[in-house]
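J.: As input, take upload.cif (mmCIF, N, CA and C atoms):
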data_coords
loop_
_atom_site.label_atom_id
_atom_site.label_comp_id
_atom_site.auth_asym_id
_atom_site.auth_seq_id
_atom_site.Cartn_x
_atom_site.Cartn_y
_atom_site.Cartn_z
N MET A 562 -33.15 92.61 -40.50
CA MET A 562 -32.62 92.67 -41.84
C MET A 562 -33.29 91.62 -42.70
N SER A 563 -33.83 92.04 -43.82
CA SER A 563 -34.49 91.12 -44.74
C SER A 563 -33.53 90.77 -45.88
N TRP A 564 -33.35 89.50 -46.13
CA TRP A 564 -32.46 89.04 -47.19
C TRP A 564 -33.25 88.73 -48.45
N LYS A 565 -32.62 88.99 -49.57
CA LYS A 565 -33.17 88.59 -50.86
C LYS A 565 -32.40 87.34 -51.29
N ILE A 566 -33.14 86.26 -51.53
CA ILE A 566 -32.53 84.96 -51.83
C ILE A 566 -32.96 84.49 -53.21
N LEU A 567 -31.99 84.35 -54.10
CA LEU A 567 -32.26 83.78 -55.41
C LEU A 567 -32.35 82.27 -55.28
N VAL A 568 -33.33 81.67 -55.93
CA VAL A 568 -33.46 80.21 -55.90
C VAL A 568 -33.32 79.70 -57.33
N THR A 569 -32.20 79.01 -57.58
CA THR A 569 -31.99 78.39 -58.88
C THR A 569 -32.28 76.89 -58.83
N ALA A 570 -32.42 76.33 -57.64
CA ALA A 570 -32.66 74.90 -57.47
C ALA A 570 -34.13 74.59 -57.73
N ARG A 571 -34.37 73.82 -58.77
CA ARG A 571 -35.74 73.45 -59.14
C ARG A 571 -36.48 72.73 -58.01
N ALA A 572 -35.76 71.94 -57.22
CA ALA A 572 -36.39 71.15 -56.15
C ALA A 572 -37.14 72.03 -55.15
N TYR A 573 -36.63 73.23 -54.91
CA TYR A 573 -37.30 74.12 -53.95
C TYR A 573 -38.70 74.50 -54.42
N TRP A 574 -38.84 74.79 -55.71
CA TRP A 574 -40.13 75.24 -56.23
C TRP A 574 -41.10 74.08 -56.42
N THR A 575 -40.60 72.86 -56.52
CA THR A 575 -41.49 71.72 -56.69
C THR A 575 -41.79 71.02 -55.37
N SER A 576 -41.21 71.52 -54.29
CA SER A 576 -41.46 70.93 -52.97
C SER A 576 -42.83 71.33 -52.46
N SER A 577 -43.14 70.89 -51.28
CA SER A 577 -44.43 71.18 -50.69
C SER A 577 -44.56 72.68 -50.39
N PRO A 578 -45.79 73.18 -50.34
CA PRO A 578 -46.00 74.59 -50.01
C PRO A 578 -45.36 74.99 -48.67
N THR A 579 -45.30 74.07 -47.74
CA THR A 579 -44.68 74.41 -46.44
C THR A 579 -43.22 74.78 -46.61
N THR A 580 -42.52 74.06 -47.47
CA THR A 580 -41.12 74.38 -47.73
C THR A 580 -41.00 75.76 -48.38
N ARG A 581 -41.89 76.04 -49.32
CA ARG A 581 -41.84 77.33 -50.01
C ARG A 581 -42.17 78.49 -49.07
N ASP A 582 -42.84 78.22 -47.98
CA ASP A 582 -43.20 79.27 -47.03
C ASP A 582 -42.11 79.57 -46.01
N LEU A 583 -41.04 78.79 -45.97
CA LEU A 583 -40.00 78.97 -44.96
C LEU A 583 -39.27 80.31 -45.08
N PHE A 584 -38.90 80.70 -46.29
CA PHE A 584 -38.18 81.96 -46.45
C PHE A 584 -39.04 83.16 -46.06
N PRO A 585 -40.27 83.28 -46.59
CA PRO A 585 -41.10 84.42 -46.17
C PRO A 585 -41.36 84.44 -44.67
N ALA A 586 -41.53 83.26 -44.06
CA ALA A 586 -41.77 83.20 -42.62
C ALA A 586 -40.56 83.72 -41.84
N ALA A 587 -39.37 83.61 -42.43
CA ALA A 587 -38.15 84.11 -41.78
C ALA A 587 -37.87 85.55 -42.16
N GLY A 588 -38.79 86.16 -42.90
CA GLY A 588 -38.60 87.55 -43.29
C GLY A 588 -37.72 87.74 -44.50
N CYS A 589 -37.53 86.68 -45.28
CA CYS A 589 -36.69 86.76 -46.47
C CYS A 589 -37.55 86.72 -47.73
N GLU A 590 -37.04 87.32 -48.77
CA GLU A 590 -37.72 87.31 -50.05
C GLU A 590 -37.06 86.27 -50.94
N ALA A 591 -37.82 85.26 -51.35
CA ALA A 591 -37.31 84.23 -52.26
C ALA A 591 -37.66 84.64 -53.68
N VAL A 592 -36.65 84.70 -54.53
CA VAL A 592 -36.83 85.10 -55.93
C VAL A 592 -36.52 83.90 -56.81
N ARG A 593 -37.45 83.53 -57.64
CA ARG A 593 -37.27 82.39 -58.54
C ARG A 593 -36.43 82.80 -59.75
N SER A 594 -35.43 82.01 -60.06
CA SER A 594 -34.63 82.31 -61.25
C SER A 594 -35.48 82.11 -62.50
N THR A 595 -35.08 82.77 -63.58
CA THR A 595 -35.87 82.68 -64.81
C THR A 595 -35.83 81.29 -65.42
N VAL A 596 -34.74 80.56 -65.18
CA VAL A 596 -34.62 79.17 -65.61
C VAL A 596 -34.02 78.38 -64.46
N ALA A 597 -34.27 77.09 -64.46
CA ALA A 597 -33.71 76.24 -63.41
C ALA A 597 -32.23 76.00 -63.68
N ALA A 598 -31.51 75.71 -62.62
CA ALA A 598 -30.07 75.48 -62.70
C ALA A 598 -29.78 74.33 -63.66
N PRO A 599 -28.61 74.35 -64.24
CA PRO A 599 -27.54 75.32 -64.08
C PRO A 599 -27.69 76.52 -65.02
N LEU A 600 -27.57 77.70 -64.47
CA LEU A 600 -27.58 78.92 -65.27
C LEU A 600 -26.19 79.17 -65.84
N PRO A 601 -26.10 79.67 -67.06
CA PRO A 601 -24.79 80.07 -67.57
C PRO A 601 -24.26 81.23 -66.72
N GLU A 602 -22.95 81.39 -66.69
CA GLU A 602 -22.32 82.38 -65.83
C GLU A 602 -22.93 83.78 -65.98
N ALA A 603 -23.09 84.26 -67.20
CA ALA A 603 -23.61 85.61 -67.42
C ALA A 603 -25.03 85.76 -66.87
N ALA A 604 -25.87 84.77 -67.11
CA ALA A 604 -27.24 84.82 -66.60
C ALA A 604 -27.25 84.76 -65.07
N LEU A 605 -26.37 83.95 -64.51
CA LEU A 605 -26.28 83.84 -63.05
C LEU A 605 -25.89 85.18 -62.43
N ILE A 606 -24.89 85.83 -63.01
CA ILE A 606 -24.46 87.14 -62.51
C ILE A 606 -25.61 88.14 -62.58
N ALA A 607 -26.33 88.15 -63.68
CA ALA A 607 -27.45 89.07 -63.84
C ALA A 607 -28.53 88.83 -62.79
N GLU A 608 -28.85 87.57 -62.56
CA GLU A 608 -29.93 87.25 -61.61
C GLU A 608 -29.51 87.42 -60.16
N LEU A 609 -28.21 87.34 -59.87
CA LEU A 609 -27.73 87.51 -58.49
C LEU A 609 -27.62 88.96 -58.04
N GLN A 610 -27.81 89.90 -58.95
CA GLN A 610 -27.68 91.31 -58.58
C GLN A 610 -28.69 91.66 -57.47
N GLY A 611 -28.17 92.21 -56.38
CA GLY A 611 -29.01 92.60 -55.26
C GLY A 611 -29.38 91.47 -54.32
N CYS A 612 -28.87 90.26 -54.58
CA CYS A 612 -29.20 89.11 -53.74
C CYS A 612 -28.13 88.91 -52.66
N ASP A 613 -28.60 88.53 -51.48
CA ASP A 613 -27.71 88.25 -50.36
C ASP A 613 -27.30 86.79 -50.31
N ALA A 614 -28.15 85.93 -50.86
CA ALA A 614 -27.90 84.50 -50.78
C ALA A 614 -28.52 83.82 -51.99
N VAL A 615 -28.13 82.56 -52.19
CA VAL A 615 -28.70 81.78 -53.27
C VAL A 615 -28.90 80.35 -52.78
N LEU A 616 -30.07 79.80 -53.06
CA LEU A 616 -30.33 78.38 -52.87
C LEU A 616 -30.05 77.78 -54.25
N ALA A 617 -28.88 77.19 -54.38
CA ALA A 617 -28.32 76.90 -55.69
C ALA A 617 -28.49 75.47 -56.15
N GLY A 618 -28.61 75.37 -57.45
CA GLY A 618 -28.47 74.09 -58.13
C GLY A 618 -26.99 73.94 -58.46
N SER A 619 -26.69 73.45 -59.63
CA SER A 619 -25.29 73.23 -59.99
C SER A 619 -24.74 74.36 -60.86
N ASP A 620 -25.13 75.59 -60.53
CA ASP A 620 -24.65 76.77 -61.25
C ASP A 620 -23.15 76.95 -61.03
N PRO A 621 -22.46 77.64 -61.96
CA PRO A 621 -21.01 77.85 -61.82
C PRO A 621 -20.68 79.08 -60.96
N TYR A 622 -20.14 78.85 -59.80
CA TYR A 622 -19.73 79.95 -58.91
C TYR A 622 -18.22 80.02 -58.90
N ASN A 623 -17.70 81.14 -59.42
CA ASN A 623 -16.26 81.31 -59.54
C ASN A 623 -15.90 82.75 -59.18
N ALA A 624 -14.64 83.09 -59.30
CA ALA A 624 -14.16 84.42 -58.91
C ALA A 624 -14.89 85.53 -59.67
N ARG A 625 -15.18 85.31 -60.95
CA ARG A 625 -15.89 86.34 -61.73
C ARG A 625 -17.28 86.59 -61.16
N VAL A 626 -17.96 85.54 -60.75
CA VAL A 626 -19.29 85.68 -60.16
C VAL A 626 -19.19 86.45 -58.84
N PHE A 627 -18.22 86.08 -58.00
CA PHE A 627 -18.08 86.74 -56.70
C PHE A 627 -17.71 88.21 -56.85
N THR A 628 -16.87 88.52 -57.82
CA THR A 628 -16.49 89.91 -58.06
C THR A 628 -17.69 90.73 -58.54
N ALA A 629 -18.49 90.14 -59.42
CA ALA A 629 -19.64 90.84 -59.99
C ALA A 629 -20.83 90.93 -59.03
N CYS A 630 -20.80 90.13 -57.96
CA CYS A 630 -21.93 90.08 -57.02
C CYS A 630 -21.42 90.27 -55.59
N PRO A 631 -20.94 91.47 -55.25
CA PRO A 631 -20.32 91.68 -53.94
C PRO A 631 -21.29 91.58 -52.76
N GLN A 632 -22.59 91.67 -53.03
CA GLN A 632 -23.58 91.57 -51.94
C GLN A 632 -23.81 90.12 -51.51
N LEU A 633 -23.40 89.16 -52.34
CA LEU A 633 -23.62 87.75 -52.06
C LEU A 633 -22.85 87.31 -50.81
N LYS A 634 -23.57 86.69 -49.86
CA LYS A 634 -22.96 86.26 -48.60
C LYS A 634 -22.98 84.74 -48.41
N VAL A 635 -24.00 84.07 -48.99
CA VAL A 635 -24.18 82.64 -48.75
C VAL A 635 -24.61 81.93 -50.04
N ILE A 636 -23.97 80.79 -50.29
CA ILE A 636 -24.44 79.86 -51.32
C ILE A 636 -24.82 78.59 -50.58
N SER A 637 -26.09 78.22 -50.66
CA SER A 637 -26.52 76.97 -50.06
C SER A 637 -26.89 76.03 -51.20
N ARG A 638 -26.06 75.06 -51.42
CA ARG A 638 -26.24 74.12 -52.53
C ARG A 638 -27.32 73.12 -52.19
N CYS A 639 -28.37 73.08 -53.00
CA CYS A 639 -29.46 72.13 -52.81
C CYS A 639 -29.00 70.80 -53.41
N GLY A 640 -28.36 70.00 -52.59
CA GLY A 640 -27.77 68.74 -53.03
C GLY A 640 -26.45 68.54 -52.33
N VAL A 641 -25.80 67.47 -52.64
CA VAL A 641 -24.56 67.11 -51.96
C VAL A 641 -23.35 67.76 -52.62
N GLY A 642 -23.27 67.70 -53.93
CA GLY A 642 -22.08 68.15 -54.64
C GLY A 642 -21.87 69.65 -54.58
N ILE A 643 -20.62 70.03 -54.39
CA ILE A 643 -20.26 71.45 -54.43
C ILE A 643 -19.15 71.66 -55.47
N ASP A 644 -19.03 70.73 -56.41
CA ASP A 644 -17.95 70.80 -57.39
C ASP A 644 -18.11 71.96 -58.38
N SER A 645 -19.29 72.57 -58.47
CA SER A 645 -19.46 73.72 -59.36
C SER A 645 -19.13 75.04 -58.66
N ILE A 646 -18.66 74.95 -57.42
CA ILE A 646 -18.33 76.14 -56.63
C ILE A 646 -16.82 76.18 -56.38
N ASP A 647 -16.20 77.26 -56.76
CA ASP A 647 -14.78 77.46 -56.49
C ASP A 647 -14.66 77.88 -55.02
N LEU A 648 -14.35 76.92 -54.16
CA LEU A 648 -14.33 77.18 -52.72
C LEU A 648 -13.26 78.19 -52.32
N LYS A 649 -12.13 78.15 -52.99
CA LYS A 649 -11.07 79.11 -52.68
C LYS A 649 -11.55 80.53 -52.99
N ALA A 650 -12.15 80.72 -54.16
CA ALA A 650 -12.65 82.04 -54.54
C ALA A 650 -13.78 82.48 -53.63
N ALA A 651 -14.64 81.54 -53.21
CA ALA A 651 -15.72 81.88 -52.29
C ALA A 651 -15.16 82.34 -50.95
N THR A 652 -14.17 81.64 -50.44
CA THR A 652 -13.54 82.01 -49.17
C THR A 652 -12.91 83.39 -49.27
N GLU A 653 -12.19 83.63 -50.36
CA GLU A 653 -11.56 84.94 -50.55
C GLU A 653 -12.58 86.06 -50.65
N ALA A 654 -13.78 85.76 -51.17
CA ALA A 654 -14.83 86.77 -51.30
C ALA A 654 -15.67 86.87 -50.02
N GLY A 655 -15.39 86.01 -49.04
CA GLY A 655 -16.16 86.03 -47.80
C GLY A 655 -17.54 85.42 -47.93
N VAL A 656 -17.71 84.51 -48.89
CA VAL A 656 -19.00 83.86 -49.14
C VAL A 656 -19.01 82.50 -48.46
N LEU A 657 -19.99 82.28 -47.61
CA LEU A 657 -20.17 81.00 -46.92
C LEU A 657 -20.83 80.02 -47.87
N VAL A 658 -20.31 78.78 -47.93
CA VAL A 658 -20.85 77.75 -48.81
C VAL A 658 -21.35 76.59 -47.95
N THR A 659 -22.59 76.18 -48.19
CA THR A 659 -23.16 75.03 -47.49
C THR A 659 -23.77 74.09 -48.52
N ASN A 660 -24.08 72.88 -48.08
CA ASN A 660 -24.81 71.94 -48.92
C ASN A 660 -25.81 71.18 -48.06
N THR A 661 -26.51 70.24 -48.65
CA THR A 661 -27.55 69.51 -47.94
C THR A 661 -27.31 68.01 -48.05
N PRO A 662 -26.29 67.51 -47.33
CA PRO A 662 -25.99 66.08 -47.43
C PRO A 662 -27.17 65.22 -46.99
N GLY A 663 -27.44 64.20 -47.77
CA GLY A 663 -28.51 63.27 -47.44
C GLY A 663 -29.89 63.70 -47.92
N ALA A 664 -30.01 64.94 -48.36
CA ALA A 664 -31.34 65.45 -48.75
C ALA A 664 -31.94 64.70 -49.94
N MET A 665 -31.11 64.21 -50.81
CA MET A 665 -31.61 63.56 -52.03
C MET A 665 -31.43 62.04 -51.99
N ALA A 666 -31.07 61.50 -50.84
CA ALA A 666 -30.74 60.08 -50.75
C ALA A 666 -31.89 59.17 -51.18
N GLU A 667 -33.10 59.45 -50.73
CA GLU A 667 -34.24 58.60 -51.10
C GLU A 667 -34.54 58.69 -52.59
N ALA A 668 -34.49 59.90 -53.15
CA ALA A 668 -34.76 60.07 -54.57
C ALA A 668 -33.71 59.34 -55.41
N VAL A 669 -32.45 59.42 -55.01
CA VAL A 669 -31.39 58.73 -55.74
C VAL A 669 -31.61 57.21 -55.67
N ALA A 670 -31.98 56.72 -54.51
CA ALA A 670 -32.25 55.29 -54.35
C ALA A 670 -33.43 54.86 -55.24
N ASP A 671 -34.49 55.67 -55.28
CA ASP A 671 -35.64 55.36 -56.12
C ASP A 671 -35.25 55.29 -57.59
N TYR A 672 -34.51 56.29 -58.07
CA TYR A 672 -34.08 56.31 -59.46
C TYR A 672 -33.16 55.13 -59.77
N THR A 673 -32.28 54.80 -58.86
CA THR A 673 -31.37 53.68 -59.06
C THR A 673 -32.16 52.38 -59.21
N PHE A 674 -33.13 52.17 -58.34
CA PHE A 674 -33.95 50.97 -58.42
C PHE A 674 -34.74 50.95 -59.73
N GLY A 675 -35.28 52.10 -60.12
CA GLY A 675 -36.01 52.19 -61.38
C GLY A 675 -35.13 51.86 -62.58
N LEU A 676 -33.90 52.37 -62.57
CA LEU A 676 -32.98 52.06 -63.67
C LEU A 676 -32.60 50.58 -63.70
N LEU A 677 -32.43 49.99 -62.52
CA LEU A 677 -32.14 48.55 -62.47
C LEU A 677 -33.27 47.74 -63.10
N LEU A 678 -34.50 48.10 -62.77
CA LEU A 678 -35.65 47.40 -63.36
C LEU A 678 -35.72 47.64 -64.87
N ALA A 679 -35.46 48.87 -65.30
CA ALA A 679 -35.51 49.18 -66.72
C ALA A 679 -34.50 48.34 -67.51
N VAL A 680 -33.30 48.20 -66.97
CA VAL A 680 -32.27 47.42 -67.65
C VAL A 680 -32.62 45.93 -67.61
N ALA A 681 -33.04 45.44 -66.46
CA ALA A 681 -33.34 44.01 -66.31
C ALA A 681 -34.53 43.59 -67.17
N ARG A 682 -35.49 44.47 -67.36
CA ARG A 682 -36.71 44.12 -68.10
C ARG A 682 -36.78 44.75 -69.49
N HIS A 683 -35.69 45.36 -69.94
CA HIS A 683 -35.61 45.94 -71.29
C HIS A 683 -36.75 46.93 -71.55
N ILE A 684 -37.08 47.72 -70.57
CA ILE A 684 -38.21 48.65 -70.69
C ILE A 684 -37.98 49.70 -71.79
N PRO A 685 -36.81 50.33 -71.90
CA PRO A 685 -36.65 51.31 -72.98
C PRO A 685 -36.82 50.69 -74.37
N GLU A 686 -36.28 49.48 -74.58
CA GLU A 686 -36.40 48.84 -75.87
C GLU A 686 -37.86 48.49 -76.18
N GLY A 687 -38.56 47.96 -75.19
CA GLY A 687 -39.97 47.62 -75.38
C GLY A 687 -40.82 48.85 -75.64
N ASP A 688 -40.54 49.94 -74.94
CA ASP A 688 -41.26 51.18 -75.14
C ASP A 688 -41.05 51.70 -76.57
N ALA A 689 -39.79 51.71 -77.01
CA ALA A 689 -39.49 52.19 -78.37
C ALA A 689 -40.18 51.33 -79.42
N LEU A 690 -40.16 50.01 -79.23
CA LEU A 690 -40.80 49.11 -80.18
C LEU A 690 -42.31 49.35 -80.25
N MET A 691 -42.95 49.47 -79.09
CA MET A 691 -44.40 49.68 -79.06
C MET A 691 -44.77 51.04 -79.65
N ARG A 692 -43.98 52.07 -79.39
CA ARG A 692 -44.28 53.40 -79.94
C ARG A 692 -44.14 53.41 -81.47
N SER A 693 -43.33 52.52 -82.01
CA SER A 693 -43.18 52.45 -83.47
C SER A 693 -44.22 51.52 -84.09
N GLY A 694 -45.14 50.99 -83.26
CA GLY A 694 -46.19 50.13 -83.78
C GLY A 694 -45.86 48.65 -83.74
N GLY A 695 -44.74 48.30 -83.21
CA GLY A 695 -44.33 46.90 -83.17
C GLY A 695 -44.73 46.23 -81.87
N TRP A 696 -44.39 44.95 -81.82
CA TRP A 696 -44.64 44.17 -80.61
C TRP A 696 -43.58 43.12 -80.52
N GLY A 697 -43.08 42.88 -79.37
CA GLY A 697 -42.08 41.84 -79.20
C GLY A 697 -41.98 41.47 -77.74
N GLU A 698 -41.30 40.37 -77.51
CA GLU A 698 -41.11 39.95 -76.13
C GLU A 698 -39.64 40.11 -75.77
N PHE A 699 -39.43 40.63 -74.61
CA PHE A 699 -38.09 40.82 -74.08
C PHE A 699 -37.99 40.05 -72.78
N PRO A 700 -37.37 38.89 -72.80
CA PRO A 700 -37.27 38.12 -71.57
C PRO A 700 -36.41 38.87 -70.54
N GLY A 701 -36.81 38.75 -69.32
CA GLY A 701 -36.07 39.41 -68.24
C GLY A 701 -34.81 38.66 -67.88
N THR A 702 -34.10 39.20 -66.94
CA THR A 702 -32.88 38.58 -66.46
C THR A 702 -33.24 37.46 -65.50
N LEU A 703 -32.57 36.34 -65.65
CA LEU A 703 -32.86 35.21 -64.77
C LEU A 703 -32.07 35.29 -63.51
#
Would you encode the structure as structure tokens?

T.:
Amino acid sequence: MSWKILVTARAYWTSSPTTRDLFPAAGCEAVRSTVAAPLPEAALIAELQGCDAVLAGSDPYNARVFTACPQLKVISRCGVGIDSIDLKAATEAGVLVTNTPGAMAEAVADYTFGLLLAVARHIPEGDALMRSGGWGEFPGTL
């Protein structure tokens, strides 16, 4: 049985080619959504037609989506949070919900460190000043 899998998670398409080859190697067809998540409910329903599964971003999955997409069997959330998925409605529709805990841990740590440096060194303010043609010194945190 070959599954058709909608991919709304941008991370899947920007990952390495080896990751992108996993679905076809398993005999599944990966279909790229027209826009990256989160898709509005109506667009999500339209794109899920005929799909067995979705590798999801933070799209809204609720009873209306499950009713309109009876072929849907699995939502695999690319990320930790599943707060955009109505778990009760998914269970009632017989849709399995999974996530990927820890998958984004390094990226989150990198961004956190970058934001700490930006705040400590006033990088946004310095960037804005230089782009406007100015120059100034912003002392760092001691």

J.: When the PyMOL selection byres ((chain A and resi 568) around 8) is applied to the file above, which residues end up in the set, as a ChimeraX atom specification?

T.: /A:565-567,569-571,573-574,590-598,614-618

J.: Give me the range 612-653 of chain A side of the contact with range 661-680 of chain A, cut-off 7 Å, one line per residue showing its nearest atom pair and distance in Å at one decimal, counting all atoms listed in the file, sorted by chain and residue number, as CSV.

T.:
residue,atom,partner,partner_atom,distance
A:Ser637,C,A:Thr661,N,6.3
A:Arg638,C,A:Thr661,N,4.6
A:Cys639,C,A:Thr661,N,5.4
A:Gly640,C,A:Thr661,N,4.1
A:Val641,CA,A:Pro662,CA,4.9
A:Gly642,N,A:Thr661,N,6.7

J.: Please compute the CA of Pro599 in chain A-atom N of Pro621 in chain A distance, one decimal, in Å.

T.: 6.0 Å

J.: May I ask which of the residues A:Ile606, A:Ala587, A:Cys612, A:Ala681 is the closest one to Lys634 in chain A, counting all atoms listed in the file?

T.: A:Cys612

J.: One number please: atom N of Ala624 in chain A to CA of Ala650 in chain A, in Å, one decimal.

T.: 5.3 Å

J.: Enter the distance from CA of Cys589 in chain A to CA of Asp613 in chain A, in Å, rounded to one decimal.

T.: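 Separation of CA of Cys589 in chain A and CA of Asp613 in chain A: 9.9 Å.
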
J.: Counting all atoms listed in the file, which of A:Ser619, A:Thr580, A:Phe699, A:Ala654 gets nearest to Gly687 in chain A?

T.: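 Answer, going by the shortest atom-to-atom distance: A:Phe699.
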
J.: What do you get, as JSON, numbers by chain, if you spell out every residue that the PyMOL selection byres ((chain A and resi 656) around 6) selects here?

T.: {"A": [633, 634, 635, 636, 651, 652, 653, 654, 655, 657, 658]}

J.: Would you give me, as a VMD selection string, the residues in chain A that DSSP reads as helix (DSSP H, G or I)?

T.: chain A and resid 571 to 575 578 to 581 583 to 586 602 to 609 624 to 629 648 to 654 666 to 681 684 to 692

J.: Of the candidates A:Asp582, A:Leu609, A:Thr659, A:Val626, which shows the shortest atom-to-atom distance to Ile643 in chain A, using only C-alpha atoms?

T.: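 Closest candidate: A:Thr659.
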
J.: Between A:Gly701, A:Ile646, A:Pro585, A:Leu605, single out the one closest to Tyr622 in chain A, counting all atoms listed in the file.

T.: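 With all atoms listed in the file as the atom set, the closest residue is A:Ile646.
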
J.: Between A:Ala586, A:Ala689, A:Ala607, A:Leu648, single out the one closest to Ala629 in chain A, counting only N, CA and C atoms.

T.: A:Ala607
